[in-house]
Amino acid sequence: MLNTEAIPMQSHAQRAARWAVFTPCCGVQWKQQPIRNVLRHVRRLWVKLLDGLADVQAPGLGTTQHNGRLALAYSKNCPAFGISDKRMRRCNRAKICPFCYAREYVVRPMQTLEAALFGRGSGVPLAELNDTVIVDFTVGIKFEPHNRNWQTTAATRAPVWASILKTIDEGQRREVRQFHSYGGAVLQRIQFDTGAWTLLRSGVFLCNKNEFDLRGFEWSSCEAGRHHVSAPTREELSRAVGRAFRYPDNVLVTAPEIVREYVERLRSKRLLNRYGDARPKRT
């Protein structure tokens with residue numbers, strides 16, 4: 001696959017996917033490189049992580065059975081996002097695979113937001129363009145235990161995982177109708193750093209420019225937050241989605257045993273929520 005990397009389609013959804021995946025994996029300088037070379041670099045990082053997961057016996061990847069080796073081969077050759085060839089089998093490991101991540105957590109919400117903003121096919125858009133703005137935001141909660149060596153073993157990492165999973169569940173239950181949006185999407189994922197892990201919560205909403213209020217979406221304990229307000233165009237929408245739903249930094253270079261725990265502990269968690277028209281009903 002490394003020598004035959006196909007070029008993704010040129011659409012606004014695929015532009016968002018490039019921003020979301022290439023920037024954290026390759027830095028902003030990826031824009032100066034041929035797309036095929038950038039894809040090859042991302043795949044090399046992905047293959048290296050998979051080899052590490054095989055060494056630590058990650059479920060379905062590193063077993064000595066035939067189906068485990070076959071799953072590993074499929075994962076290594078997972079097609080890049082934007083490739084429409086149905087004969088190519090996806091690995092469907094969206095939480096860690098950069099290519100499946102783009103399809104599941106970038107392209108899907110982009111399609112939802114495009115339909116709400118511009119209509120789907122001959123359908124009527126939900127948003128009124130003259131009064132609409134695109135709002136994207138990212139906030140994060142940092143988990144930084146006092147024990148300096150907390151990342152060294154599974155036992156010392158367990159309390160941190162418990163806190164993260166509890167926070168994810170609480171975030172999934174948050175009410176979004178107060179945002180009065182025409183449509184939106186919210187994504188939660190984990191960013192691994194040396195001294196701390198950060199649970200990121202990002203969203204993109206289509207709002208009436210006179211009614212939106214971000215204060216209800218910022219966690220009281222968040223360490224950092226940022227938001228952007230953009231004009232309602234496809235180009236700005238792709239930038240907002242690519243900016244908000246970017247692939248977590250450092251996942252491809254994180255210790256394989258931590259990535260294995262990440263996959264196992266978040267296996268049943270729904271990280272992406274997409275919303276339709278959430279405006280109050282008119283009487």
# chains A, B, ... in the order shown; residues from 1 in each chain; ligands from 1

$ residues_around --residues "A:Tyr247" --least-positions-apart "4" --cutoff "8 Å" --atoms "only C-alpha atoms" --output "number ranges by chain"
A: 20-21, 24, 98, 101-102

$ closest_residue --among "A:Arg43, A:Val133, A:Leu200, A:Gly140" --to "A:Glu236" --atoms "only C-alpha atoms"
A:Val133

$ atom_distance --atom1 "atom CA of A:Arg89" --atom2 "atom CA of A:Phe192"
28.5 Å

$ residues_around --residues "A:Gly184" --least-positions-apart "5" --cutoff "6 Å" --atoms "only C-alpha atoms" --output "number ranges by chain"
A: 204-205, 274-275

$ write_last_selection --atoms "C-alpha atoms" --output "JSON list (two decimals), in the first residue's frame"
[["chain", "number", "residue", "atom", "x", "y", "z"],
["A", 204, "VAL", "CA", -19.36, 22.53, 15.51],
["A", 205, "PHE", "CA", -22.81, 24.12, 15.46],
["A", 274, "ARG", "CA", -24.69, 14.55, 15.76],
["A", 275, "TYR", "CA", -27.71, 16.79, 16.18]]

$ closest_residue --among "A:Ala116, A:Ala196, A:Val42, A:Val186" --to "A:Phe143" --atoms "only C-alpha atoms"
A:Ala196

$ residues_around --residues "stretch 145-159 of chain A" --least-positions-apart "6" --cutoff "12 Å" --atoms "only C-alpha atoms" --output "list in words"
Leu165, Lys166, Phe192, Asp193, Thr194, Gly195, Ala196, Trp197, Thr198, Thr254, Ala255, Glu257, Ile258, Val259, Arg260, Glu261, Tyr262 and Arg265 of chain A

$ atom_distance --atom1 "atom CA of A:Glu104" --atom2 "atom CA of A:Ser268"
15.3 Å

$ residues_around --residues "A:Tyr105" --least-positions-apart "5" --cutoff "8 Å" --atoms "only C-alpha atoms" --output "ChimeraX atom specification"
/A:94,187,245,272

$ closest_residue --among "A:Cys97, A:His12, A:Arg201, A:Ala17" --to "A:Leu237" --atoms "only C-alpha atoms"
A:His12
